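Enquirer: Hey, dropping query.txt in here, compact mmCIF, C-alpha atoms:
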```
# COMPACT_ATOMS: atom_id res chain seq x y z
CA MET A 1 -33.16 2.71 -23.90
CA ALA A 2 -31.38 4.77 -26.57
CA ARG A 3 -32.88 4.71 -30.04
CA PRO A 4 -30.59 3.50 -32.86
CA LEU A 5 -29.28 6.05 -35.31
CA ARG A 6 -30.89 6.11 -38.75
CA TYR A 7 -28.54 6.32 -41.70
CA GLU A 8 -30.03 8.18 -44.65
CA ALA A 9 -28.30 8.88 -47.96
CA ALA A 10 -29.18 9.40 -51.58
CA GLY A 11 -29.01 6.03 -53.32
CA ALA A 12 -28.86 4.04 -50.07
CA VAL A 13 -30.16 0.46 -50.06
CA TYR A 14 -31.94 -1.04 -47.04
CA HIS A 15 -33.30 -4.36 -45.89
CA VAL A 16 -36.34 -3.20 -43.92
CA MET A 17 -38.36 -5.38 -41.56
CA ALA A 18 -41.25 -4.56 -39.25
CA ARG A 19 -42.99 -6.96 -36.87
CA GLY A 20 -46.46 -6.91 -35.34
CA ASP A 21 -46.78 -5.50 -31.84
CA GLY A 22 -46.31 -8.30 -29.33
CA GLY A 23 -45.81 -10.77 -32.16
CA LYS A 24 -49.44 -10.46 -33.28
CA SER A 25 -50.46 -11.07 -36.89
CA VAL A 26 -50.61 -7.92 -38.99
CA PHE A 27 -51.68 -9.73 -42.17
CA GLU A 28 -54.78 -11.65 -41.17
CA ASP A 29 -56.46 -11.83 -44.57
CA ASP A 30 -56.03 -10.89 -48.22
CA ARG A 31 -57.52 -7.47 -47.63
CA ASP A 32 -54.65 -6.68 -45.28
CA ARG A 33 -52.14 -8.02 -47.79
CA TYR A 34 -53.54 -6.17 -50.79
CA GLY A 35 -53.74 -3.02 -48.67
CA TRP A 36 -50.04 -3.32 -47.80
CA LEU A 37 -49.11 -3.87 -51.45
CA ASP A 38 -51.11 -0.85 -52.51
CA LEU A 39 -49.26 1.25 -49.95
CA LEU A 40 -45.89 -0.10 -51.08
CA GLU A 41 -46.71 1.05 -54.61
CA ARG A 42 -47.84 4.43 -53.31
CA VAL A 43 -44.79 4.97 -51.10
CA CYS A 44 -42.56 4.17 -54.09
CA GLU A 45 -44.40 6.76 -56.17
CA ARG A 46 -44.64 9.37 -53.43
CA PHE A 47 -41.05 9.17 -52.17
CA GLY A 48 -39.32 7.92 -55.32
CA TRP A 49 -38.31 4.60 -53.76
CA ARG A 50 -37.29 1.56 -55.78
CA ALA A 51 -38.51 -1.77 -54.44
CA HIS A 52 -36.37 -4.77 -55.40
CA ALA A 53 -37.80 -7.61 -53.27
CA TRP A 54 -40.51 -8.11 -50.66
CA VAL A 55 -42.36 -10.78 -48.70
CA LEU A 56 -45.34 -10.79 -46.37
CA MET A 57 -45.43 -13.26 -43.50
CA GLY A 58 -48.07 -13.63 -40.79
CA ASN A 59 -46.72 -11.14 -38.27
CA HIS A 60 -44.02 -9.28 -40.18
CA PHE A 61 -42.73 -8.20 -43.58
CA HIS A 62 -39.40 -7.78 -45.32
CA VAL A 63 -38.63 -5.42 -48.19
CA LEU A 64 -35.43 -4.52 -50.06
CA ILE A 65 -35.63 -0.88 -51.06
CA GLU A 66 -33.43 1.80 -52.56
CA THR A 67 -33.89 5.50 -51.76
CA PRO A 68 -32.64 7.83 -54.53
CA GLU A 69 -33.28 10.66 -52.06
CA PRO A 70 -32.32 10.49 -48.35
CA ASN A 71 -35.89 10.00 -47.15
CA LEU A 72 -36.10 6.58 -45.49
CA VAL A 73 -37.45 7.93 -42.20
CA ALA A 74 -40.15 10.12 -43.78
CA GLY A 75 -41.22 7.35 -46.14
CA MET A 76 -41.43 4.67 -43.44
CA LYS A 77 -43.32 7.00 -41.11
CA TRP A 78 -45.95 7.52 -43.81
CA PHE A 79 -45.99 3.86 -44.91
CA LEU A 80 -46.40 2.29 -41.46
CA GLY A 81 -48.63 5.09 -40.21
CA VAL A 82 -51.17 4.81 -43.02
CA TYR A 83 -51.19 1.01 -42.84
CA SER A 84 -51.68 1.06 -39.06
CA GLN A 85 -54.54 3.55 -39.31
CA GLY A 86 -56.34 1.42 -41.86
CA TRP A 87 -55.70 -1.80 -39.94
CA ASN A 88 -57.11 -0.31 -36.74
CA ARG A 89 -60.05 1.30 -38.51
CA ARG A 90 -61.15 -2.03 -39.98
CA ARG A 91 -61.18 -3.57 -36.52
CA GLN A 92 -62.51 -0.53 -34.67
CA ARG A 93 -59.56 -0.52 -32.33
CA HIS A 94 -56.74 1.77 -31.24
CA GLY A 95 -53.11 1.28 -30.31
CA HIS A 96 -49.88 0.14 -31.91
CA VAL A 97 -49.95 -2.25 -34.84
CA PHE A 98 -46.19 -2.67 -35.28
CA GLN A 99 -43.71 -3.45 -32.52
CA GLY A 100 -41.40 -0.56 -31.69
CA ARG A 101 -39.29 0.82 -34.50
CA TYR A 102 -38.81 -0.93 -37.80
CA LYS A 103 -35.40 -2.45 -38.48
CA ALA A 104 -33.42 -1.09 -41.42
CA VAL A 105 -30.13 -2.81 -42.29
CA VAL A 106 -27.98 -0.69 -44.60
CA VAL A 107 -26.87 -2.87 -47.52
CA ASN A 108 -23.91 -2.46 -49.83
CA GLY A 109 -25.72 -2.34 -53.15
CA ALA A 110 -22.66 -1.62 -55.31
CA GLU A 111 -23.27 -3.04 -58.79
CA ARG A 112 -19.63 -3.99 -59.23
CA ASP A 113 -20.11 -6.64 -56.55
CA GLY A 114 -23.68 -7.82 -56.20
CA SER A 115 -22.96 -10.40 -53.49
CA TYR A 116 -24.74 -8.50 -50.71
CA PHE A 117 -27.68 -7.68 -52.93
CA LYS A 118 -28.02 -11.38 -53.73
CA ILE A 119 -27.83 -12.36 -50.06
CA VAL A 120 -30.67 -10.06 -49.06
CA ALA A 121 -32.91 -10.86 -52.03
CA ASP A 122 -32.54 -14.60 -51.40
CA TYR A 123 -33.07 -14.17 -47.67
CA ILE A 124 -36.31 -12.28 -48.28
CA HIS A 125 -37.67 -14.70 -50.88
CA LEU A 126 -36.83 -17.80 -48.81
CA ASN A 127 -38.68 -16.62 -45.70
CA PRO A 128 -41.72 -18.87 -46.37
CA VAL A 129 -39.35 -21.86 -46.58
CA ARG A 130 -37.79 -21.07 -43.22
CA ALA A 131 -41.30 -20.82 -41.79
CA GLY A 132 -42.06 -24.30 -43.12
CA TRP A 133 -44.95 -23.11 -45.29
CA VAL A 134 -43.46 -24.10 -48.65
CA GLY A 135 -40.49 -26.07 -49.93
CA GLY A 136 -38.81 -28.90 -48.09
CA ASP A 137 -41.24 -31.72 -47.31
CA THR A 138 -44.37 -29.64 -47.92
CA ALA A 139 -44.62 -30.53 -51.63
CA LYS A 140 -45.36 -26.85 -52.25
CA THR A 141 -43.20 -24.77 -54.53
CA LEU A 142 -41.71 -21.48 -53.43
CA ARG A 143 -43.68 -19.79 -56.21
CA SER A 144 -46.94 -20.99 -54.66
CA TRP A 145 -46.46 -18.43 -51.88
CA ARG A 146 -47.91 -15.53 -53.83
CA TRP A 147 -47.32 -12.90 -51.14
CA SER A 148 -43.79 -12.12 -52.20
CA SER A 149 -41.98 -10.70 -55.19
CA PHE A 150 -40.59 -14.13 -56.11
CA PRO A 151 -43.49 -15.13 -58.42
CA SER A 152 -42.87 -11.92 -60.39
CA TYR A 153 -39.24 -12.89 -60.82
CA ALA A 154 -40.05 -16.48 -61.76
CA GLY A 155 -42.11 -15.68 -64.82
CA GLY A 156 -45.18 -13.92 -63.40
CA LYS A 157 -46.40 -10.40 -64.00
CA VAL A 158 -44.02 -7.69 -62.83
CA PRO A 159 -45.77 -4.60 -61.45
CA GLY A 160 -44.41 -1.27 -62.59
CA TRP A 161 -43.11 -0.33 -59.14
CA LEU A 162 -41.03 -3.51 -58.71
CA GLU A 163 -37.52 -3.38 -60.19
CA THR A 164 -36.20 -6.87 -60.91
CA GLY A 165 -33.23 -5.87 -63.03
CA ARG A 166 -30.79 -5.14 -60.25
CA VAL A 167 -31.25 -8.51 -58.54
CA LEU A 168 -30.92 -10.31 -61.88
CA ARG A 169 -27.79 -8.34 -62.72
CA ALA A 170 -26.34 -9.30 -59.34
CA PHE A 171 -26.68 -12.93 -60.45
CA GLN A 172 -25.27 -12.00 -63.89
CA LEU A 173 -28.57 -12.94 -65.53
CA SER A 174 -30.37 -11.23 -68.39
CA GLU A 175 -33.01 -8.71 -67.38
CA ASP A 176 -35.87 -10.48 -69.14
CA ARG A 177 -38.16 -13.47 -68.64
CA ARG A 178 -35.31 -15.82 -69.44
CA GLY A 179 -33.17 -14.38 -66.65
CA GLY A 180 -36.14 -14.41 -64.28
CA LYS A 181 -36.86 -18.06 -64.96
CA ALA A 182 -33.20 -18.92 -64.36
CA TYR A 183 -33.33 -17.14 -61.01
CA GLY A 184 -36.61 -18.88 -60.26
CA GLY A 185 -35.11 -22.30 -60.96
CA TYR A 186 -32.12 -21.56 -58.76
CA LEU A 187 -34.25 -20.47 -55.80
CA GLU A 188 -36.76 -23.31 -56.19
CA ALA A 189 -33.83 -25.72 -55.92
CA ARG A 190 -32.73 -24.03 -52.70
CA ALA A 191 -36.29 -24.16 -51.37
CA LYS A 192 -36.32 -27.94 -51.66
CA ASP A 193 -33.45 -28.12 -49.17
CA PRO A 194 -34.43 -26.29 -45.94
CA LYS A 195 -30.83 -26.36 -44.71
CA SER A 196 -29.79 -24.37 -47.74
CA ALA A 197 -32.56 -21.86 -47.11
CA ILE A 198 -31.60 -21.46 -43.46
CA ASN A 199 -27.81 -21.30 -43.77
CA ASP A 200 -27.68 -18.17 -45.86
CA ALA A 201 -24.36 -16.38 -45.96
CA ALA A 202 -24.28 -13.42 -43.56
CA LEU A 203 -27.52 -14.60 -41.94
CA GLY A 204 -26.27 -13.44 -38.54
CA GLU A 205 -25.53 -9.94 -39.78
CA LEU A 206 -28.93 -9.71 -41.43
CA ARG A 207 -30.70 -10.67 -38.23
CA ARG A 208 -28.61 -8.81 -35.68
CA GLY A 209 -26.59 -6.16 -37.43
CA TRP A 210 -27.36 -2.68 -38.73
CA VAL A 211 -25.13 -2.68 -41.83
CA LEU A 212 -24.24 -5.38 -44.36
CA GLY A 213 -21.09 -4.95 -46.41
CA GLU A 214 -17.34 -5.28 -46.38
CA LYS A 215 -15.15 -3.28 -44.00
CA GLY A 216 -14.62 -0.39 -46.40
CA PHE A 217 -18.36 0.05 -46.90
CA VAL A 218 -19.01 0.01 -43.15
CA GLU A 219 -16.35 2.68 -42.64
CA THR A 220 -17.93 4.80 -45.37
CA VAL A 221 -21.31 4.61 -43.67
CA LEU A 222 -19.80 5.49 -40.31
CA ALA A 223 -17.95 8.44 -41.81
CA ALA A 224 -21.20 9.66 -43.39
CA LEU A 225 -22.92 9.57 -40.02
CA GLY A 226 -20.42 12.13 -38.80
CA GLY A 227 -18.48 11.83 -35.57
CA GLN A 228 -19.52 15.17 -34.13
CA GLN A 229 -23.18 14.70 -35.02
CA LEU A 230 -23.12 11.25 -33.47
CA ALA A 231 -21.49 12.57 -30.30
CA GLU A 232 -24.15 15.29 -29.96
CA LYS A 233 -26.96 12.78 -30.38
CA LYS A 234 -25.38 10.41 -27.88
CA GLU A 235 -25.41 13.17 -25.26
CA LYS A 236 -29.14 13.62 -25.87
CA GLY A 237 -29.76 9.91 -25.52
CA SER A 238 -31.09 9.54 -29.04
CA VAL A 239 -28.55 7.08 -30.39
CA GLY A 240 -27.72 3.55 -29.33
CA GLY A 241 -27.33 -0.05 -30.37
CA GLU A 242 -25.01 -1.48 -32.97
CA ALA A 243 -24.49 1.81 -34.79
CA VAL A 244 -23.00 3.51 -31.75
CA LYS A 245 -20.88 0.51 -30.82
CA ALA A 246 -19.48 0.24 -34.33
CA HIS A 247 -18.75 3.96 -34.50
CA ASP A 248 -17.07 4.00 -31.09
CA GLU A 249 -14.85 1.05 -31.90
CA ALA A 250 -13.89 2.50 -35.28
CA GLU A 251 -13.04 5.85 -33.70
CA ALA A 252 -11.13 4.17 -30.83
CA GLU A 253 -9.08 2.17 -33.33
CA ARG A 254 -8.26 5.31 -35.28
CA ILE A 255 -7.12 7.11 -32.11
CA ALA A 256 -5.06 4.10 -31.04
CA LYS A 257 -3.25 3.76 -34.37
CA VAL A 258 -2.41 7.45 -34.67
CA SER A 259 -1.41 7.79 -31.01
CA LEU A 260 0.85 4.75 -31.11
CA ALA A 261 2.59 6.17 -34.18
CA LEU A 262 2.95 9.64 -32.62
CA LEU A 263 4.49 8.16 -29.46
CA GLY A 264 6.81 5.83 -31.37
CA LEU A 265 5.13 2.60 -30.26
CA PRO A 266 4.46 -0.43 -32.47
CA ASP A 267 0.94 -0.87 -33.81
CA GLU A 268 0.74 -4.67 -33.49
CA VAL A 269 -0.87 -5.94 -30.28
CA GLU A 270 1.64 -8.77 -29.89
CA LYS A 271 4.53 -6.29 -29.98
CA LEU A 272 2.84 -4.11 -27.37
CA ALA A 273 2.48 -7.03 -24.98
CA GLY A 274 4.94 -7.53 -22.16
CA ARG A 275 5.22 -6.77 -18.48
CA GLY A 276 6.19 -3.15 -17.87
CA LYS A 277 6.25 -2.15 -21.55
CA TRP A 278 5.40 1.52 -22.21
CA LEU A 279 3.18 1.84 -19.13
CA GLU A 280 3.01 5.65 -19.21
CA GLU A 281 2.40 5.85 -22.95
CA LYS A 282 -0.36 3.25 -22.84
CA ALA A 283 -1.99 5.02 -19.91
CA VAL A 284 -2.10 8.29 -21.83
CA ILE A 285 -3.56 6.65 -24.94
CA ALA A 286 -6.13 4.78 -22.85
CA ALA A 287 -7.23 8.00 -21.17
CA VAL A 288 -7.71 9.76 -24.51
CA ILE A 289 -9.72 6.83 -25.91
CA ARG A 290 -11.92 6.76 -22.81
CA GLN A 291 -12.51 10.50 -23.05
CA ARG A 292 -13.35 10.56 -26.76
CA THR A 293 -15.26 7.30 -27.26
CA GLY A 294 -17.61 4.96 -25.45
CA VAL A 295 -15.62 1.74 -25.79
CA GLY A 296 -15.20 -0.34 -22.66
CA ASN A 297 -12.11 -1.12 -20.65
CA ARG A 298 -12.03 -4.63 -22.08
CA TRP A 299 -11.62 -3.29 -25.62
CA ILE A 300 -8.84 -0.93 -24.52
CA ALA A 301 -7.03 -3.62 -22.52
CA ARG A 302 -7.08 -5.97 -25.50
CA ARG A 303 -6.06 -3.35 -28.10
CA LEU A 304 -3.19 -1.90 -26.06
CA ALA A 305 -2.10 -5.20 -24.50
CA MET A 306 -2.67 -3.88 -20.99
CA GLY A 307 -3.74 -7.14 -19.39
CA GLN A 308 -6.80 -6.99 -17.15
CA GLU A 309 -9.53 -4.34 -17.29
CA SER A 310 -8.48 -3.22 -13.82
CA SER A 311 -5.13 -2.19 -15.31
CA VAL A 312 -6.94 0.18 -17.65
CA VAL A 313 -8.92 1.67 -14.75
CA ARG A 314 -5.72 2.37 -12.79
CA ALA A 315 -3.91 3.72 -15.83
CA VAL A 316 -6.73 6.11 -16.77
CA ARG A 317 -6.97 7.36 -13.19
CA ARG A 318 -3.20 7.96 -13.12
CA ALA A 319 -3.34 9.84 -16.43
CA LYS A 320 -6.02 12.11 -14.99
CA GLU A 321 -4.56 12.71 -11.52
CA ASN A 322 -0.77 12.62 -11.88
CA ALA A 323 0.51 16.02 -12.97
CA THR A 324 3.15 14.57 -15.28
CA GLU A 325 0.68 12.20 -16.90
CA VAL A 326 -1.90 14.97 -17.29
CA LYS A 327 0.69 17.04 -19.18
CA ARG A 328 1.55 14.08 -21.42
CA ARG A 329 -2.13 13.49 -22.14
CA GLN A 330 -2.64 17.14 -23.05
CA ASP A 331 0.40 17.04 -25.32
CA LEU A 332 -0.95 13.94 -27.07
CA GLU A 333 -4.33 15.58 -27.61
CA ILE A 334 -2.62 18.60 -29.17
CA GLN A 335 -0.65 16.30 -31.48
CA LEU A 336 -3.81 14.41 -32.44
CA ALA A 337 -5.61 17.65 -33.22
CA ALA A 338 -2.71 18.79 -35.41
CA TYR A 339 -2.58 15.39 -37.14
CA TYR A 340 -6.28 15.42 -38.02
CA ARG A 341 -6.14 19.07 -39.07
CA ASP A 342 -3.29 18.34 -41.48
```
As structure tokens, what does this structure read like?

Expert:
Amino acid sequence: MARPLRYEAAGAVYHVMARGDGGKSVFEDDRDRYGWLDLLERVCERFGWRAHAWVLMGNHFHVLIETPEPNLVAGMKWFLGVYSQGWNRRRQRHGHVFQGRYKAVVVNGAERDGSYFKIVADYIHLNPVRAGWVGGDTAKTLRSWRWSSFPSYAGGKVPGWLETGRVLRAFQLSEDRRGGKAYGGYLEARAKDPKSAINDAALGELRRGWVLGEKGFVETVLAALGGQQLAEKKEKGSVGGEAVKAHDEAEAERIAKVSLALLGLPDEVEKLAGRGKWLEEKAVIAAVIRQRTGVGNRWIARRLAMGQESSVVRAVRRAKENATEVKRRQDLEIQLAAYYRD
């Protein structure tokens, strides 16, 4: 199975999560937990990271980090590697400690709009509530779960490597104990209602996606990945998952919009629909999209209003085999190249 592409950039923000191999516990006692915290401090010092929120659960952890330098991969390799070595050494065992690759969701951390920063920080801090360990009917406060950054926010001691200011600013709170206590009160209230803790905004994207932000931010990340670089890695089988799908669909949409304009066709799907409308033009555009991206026939059929997927298959075949259609496809590719060059 192809490995997902890693996005690295100076100043990037990530929601990182790693789970124990086979679902096993990786934090069995306080020695494990203190060891992990020590390494988090050391990785922040060694790689210049800024940690904004974290939580340790039984078989996984979450951390919200910022990388002033584009070094997520190197930092995580060191962090997980050193922890795994120590964990195995204590138990006189060998083998994997964490399951597969860690997950790193790219987060829009723009200060002008702290909504995504708030979503991730709350999601991380409310993990013990979703697990049923604190809050709700347990009569235990969220702050009583000491293996997270929340107690530091809610009036406790703040270690030098933990930066609380950015989360507090996202909530438009003062960056002092007063602001921390206000944030603590807000989250304790949420912890009392498990439904509130579970129904976080963008929860689906956090759990399944690879990037969290509005459309413009996603497009910026995709552009930074680089179309040619992505294509080369796809050929080598090193890229897959949501990143590739998102890139392919974004690139297919760009080709569709420009091609429709070059051929004098309307952009709106509803205006493209209709029996017998622009069959040759649609076939040419479909063939170019299929050649340059990895989107499926269903996506093309829907975007170009071509009906069933089988219609796309026939149209692409015609555009590749019919001499006239081949010439039209070549002409379109020349026009596209000129358009992008200009």

Enquirer: For A:Ser310, find every residue with an atom within 10 Å (counting only C-alpha atoms), except residues of its own chain fewer than 3 positions away, and show them as a list of chain:residue names.

Expert: A:Asn297, A:Arg298, A:Ala301, A:Met306, A:Gly307, A:Val313, A:Arg314, A:Ala315, A:Val316

Enquirer: Calculate how many Å separate atom CA of A:Arg19 from atom CA of A:Arg31, rounding to one decimal.

Expert: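 Between atom CA of A:Arg19 and atom CA of A:Arg31 the gap is 18.1 Å.
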
Enquirer: Which is closer to A:Tyr34 than all the others in A:Ser311, A:Ser148, A:Thr138, A:Asn322, using all atoms listed in the file?

Expert: A:Ser148

Enquirer: Tell me, as a ChimeraX atom specification, which residues lie within 12 Å of stretch 157-170 of chain A, counting only C-alpha atoms; anything in the same chain fewer than 6 positions away does not count.

Expert: /A:13,37-54,63-66,108-122,125,146,148-151,176-184,186

Enquirer: With C-alpha atoms kept, could you save the residues just selected as a PDB file, keeping the file's coordinate frame?

Expert:
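And here is the file that came out, out.pdb:
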```
ATOM      1  CA  VAL A  13     -30.160   0.460 -50.060  1.00  0.00           C
ATOM      2  CA  LEU A  37     -49.110  -3.870 -51.450  1.00  0.00           C
ATOM      3  CA  ASP A  38     -51.110  -0.850 -52.510  1.00  0.00           C
ATOM      4  CA  LEU A  39     -49.260   1.250 -49.950  1.00  0.00           C
ATOM      5  CA  LEU A  40     -45.890  -0.100 -51.080  1.00  0.00           C
ATOM      6  CA  GLU A  41     -46.710   1.050 -54.610  1.00  0.00           C
ATOM      7  CA  ARG A  42     -47.840   4.430 -53.310  1.00  0.00           C
ATOM      8  CA  VAL A  43     -44.790   4.970 -51.100  1.00  0.00           C
ATOM      9  CA  CYS A  44     -42.560   4.170 -54.090  1.00  0.00           C
ATOM     10  CA  GLU A  45     -44.400   6.760 -56.170  1.00  0.00           C
ATOM     11  CA  ARG A  46     -44.640   9.370 -53.430  1.00  0.00           C
ATOM     12  CA  PHE A  47     -41.050   9.170 -52.170  1.00  0.00           C
ATOM     13  CA  GLY A  48     -39.320   7.920 -55.320  1.00  0.00           C
ATOM     14  CA  TRP A  49     -38.310   4.600 -53.760  1.00  0.00           C
ATOM     15  CA  ARG A  50     -37.290   1.560 -55.780  1.00  0.00           C
ATOM     16  CA  ALA A  51     -38.510  -1.770 -54.440  1.00  0.00           C
ATOM     17  CA  HIS A  52     -36.370  -4.770 -55.400  1.00  0.00           C
ATOM     18  CA  ALA A  53     -37.800  -7.610 -53.270  1.00  0.00           C
ATOM     19  CA  TRP A  54     -40.510  -8.110 -50.660  1.00  0.00           C
ATOM     20  CA  VAL A  63     -38.630  -5.420 -48.190  1.00  0.00           C
ATOM     21  CA  LEU A  64     -35.430  -4.520 -50.060  1.00  0.00           C
ATOM     22  CA  ILE A  65     -35.630  -0.880 -51.060  1.00  0.00           C
ATOM     23  CA  GLU A  66     -33.430   1.800 -52.560  1.00  0.00           C
ATOM     24  CA  ASN A 108     -23.910  -2.460 -49.830  1.00  0.00           C
ATOM     25  CA  GLY A 109     -25.720  -2.340 -53.150  1.00  0.00           C
ATOM     26  CA  ALA A 110     -22.660  -1.620 -55.310  1.00  0.00           C
ATOM     27  CA  GLU A 111     -23.270  -3.040 -58.790  1.00  0.00           C
ATOM     28  CA  ARG A 112     -19.630  -3.990 -59.230  1.00  0.00           C
ATOM     29  CA  ASP A 113     -20.110  -6.640 -56.550  1.00  0.00           C
ATOM     30  CA  GLY A 114     -23.680  -7.820 -56.200  1.00  0.00           C
ATOM     31  CA  SER A 115     -22.960 -10.400 -53.490  1.00  0.00           C
ATOM     32  CA  TYR A 116     -24.740  -8.500 -50.710  1.00  0.00           C
ATOM     33  CA  PHE A 117     -27.680  -7.680 -52.930  1.00  0.00           C
ATOM     34  CA  LYS A 118     -28.020 -11.380 -53.730  1.00  0.00           C
ATOM     35  CA  ILE A 119     -27.830 -12.360 -50.060  1.00  0.00           C
ATOM     36  CA  VAL A 120     -30.670 -10.060 -49.060  1.00  0.00           C
ATOM     37  CA  ALA A 121     -32.910 -10.860 -52.030  1.00  0.00           C
ATOM     38  CA  ASP A 122     -32.540 -14.600 -51.400  1.00  0.00           C
ATOM     39  CA  HIS A 125     -37.670 -14.700 -50.880  1.00  0.00           C
ATOM     40  CA  ARG A 146     -47.910 -15.530 -53.830  1.00  0.00           C
ATOM     41  CA  SER A 148     -43.790 -12.120 -52.200  1.00  0.00           C
ATOM     42  CA  SER A 149     -41.980 -10.700 -55.190  1.00  0.00           C
ATOM     43  CA  PHE A 150     -40.590 -14.130 -56.110  1.00  0.00           C
ATOM     44  CA  PRO A 151     -43.490 -15.130 -58.420  1.00  0.00           C
ATOM     45  CA  ASP A 176     -35.870 -10.480 -69.140  1.00  0.00           C
ATOM     46  CA  ARG A 177     -38.160 -13.470 -68.640  1.00  0.00           C
ATOM     47  CA  ARG A 178     -35.310 -15.820 -69.440  1.00  0.00           C
ATOM     48  CA  GLY A 179     -33.170 -14.380 -66.650  1.00  0.00           C
ATOM     49  CA  GLY A 180     -36.140 -14.410 -64.280  1.00  0.00           C
ATOM     50  CA  LYS A 181     -36.860 -18.060 -64.960  1.00  0.00           C
ATOM     51  CA  ALA A 182     -33.200 -18.920 -64.360  1.00  0.00           C
ATOM     52  CA  TYR A 183     -33.330 -17.140 -61.010  1.00  0.00           C
ATOM     53  CA  GLY A 184     -36.610 -18.880 -60.260  1.00  0.00           C
ATOM     54  CA  TYR A 186     -32.120 -21.560 -58.760  1.00  0.00           C
TER      55      TYR A 186
END
```

Enquirer: I want to know what sits within 8 Å of A:Thr293, based on all atoms listed in the file, with residues of the same chain fewer than 4 positions away left out; could you give that as a ChimeraX atom specification?

Expert: /A:248-249,251-252,289

Enquirer: When distances are computed from all atoms listed in the file, which of A:Val284, A:Val106, A:Ala189, A:Val258 shows the smallest separation from A:Gly136?

Expert: A:Ala189

Enquirer: Could you pull the residues within 7 Å of A:Ala191, counting all atoms listed in the file, minus those fewer than 5 positions along the same chain, as a ChimeraX atom specification?

Expert: /A:126,129,135-136,142,197

Enquirer: Using all atoms listed in the file, can you tell me which of A:Leu72, A:Val16, A:Leu332, A:Ala337 comes closest to A:Leu263?

Expert: A:Leu332

Enquirer: For the point (-33.2, 8.6, -38.6) in file coordinates, what residues are within 8 Å, counting all atoms listed in the file? Give the answer as a CSV table (one decimal) with C-alpha atoms, keeping the file's coordinate frame?

Expert:
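File out.csv, as written:
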```
chain,number,residue,atom,x,y,z
A,5,LEU,CA,-29.3,6.0,-35.3
A,6,ARG,CA,-30.9,6.1,-38.8
A,7,TYR,CA,-28.5,6.3,-41.7
A,8,GLU,CA,-30.0,8.2,-44.6
A,72,LEU,CA,-36.1,6.6,-45.5
A,73,VAL,CA,-37.4,7.9,-42.2
```

Enquirer: Enter the distance from atom CA of A:Glu253 to atom CA of A:Arg302, in Å, rounded to one decimal.

Expert: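 Atom CA of A:Glu253 sits 11.5 Å away from atom CA of A:Arg302.
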
Enquirer: Using only C-alpha atoms, which residues sit within 8 Å of A:Gly20 once same-chain residues fewer than 2 positions away are excluded, as a list in words?

Expert: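 So the residues in contact are Ala18, Gly22, Gly23, Lys24, Ser25, Val26, Asn59, His60, Val97, Phe98 and Gln99 of chain A.
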
Enquirer: So how far away is atom CA of A:Gly132 from atom CA of A:Ser84, in Å?

Expert: 27.4 Å

Enquirer: Give the answer as one residue: which of A:Arg33, A:Lys192, A:His15, A:Arg143 has the shortest atom-to-atom distance to A:Ile124, using only C-alpha atoms?

Expert: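 Looking only at the distances to A:Ile124, the closest residue turns out to be A:His15.
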
Enquirer: Just checking: using only C-alpha atoms, which residue out of A:Lys257, A:Glu28, A:Asn71, A:Asp193 ends up closest to A:Arg91?

Expert: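 Using only C-alpha atoms, A:Arg91 sits closest to A:Glu28.
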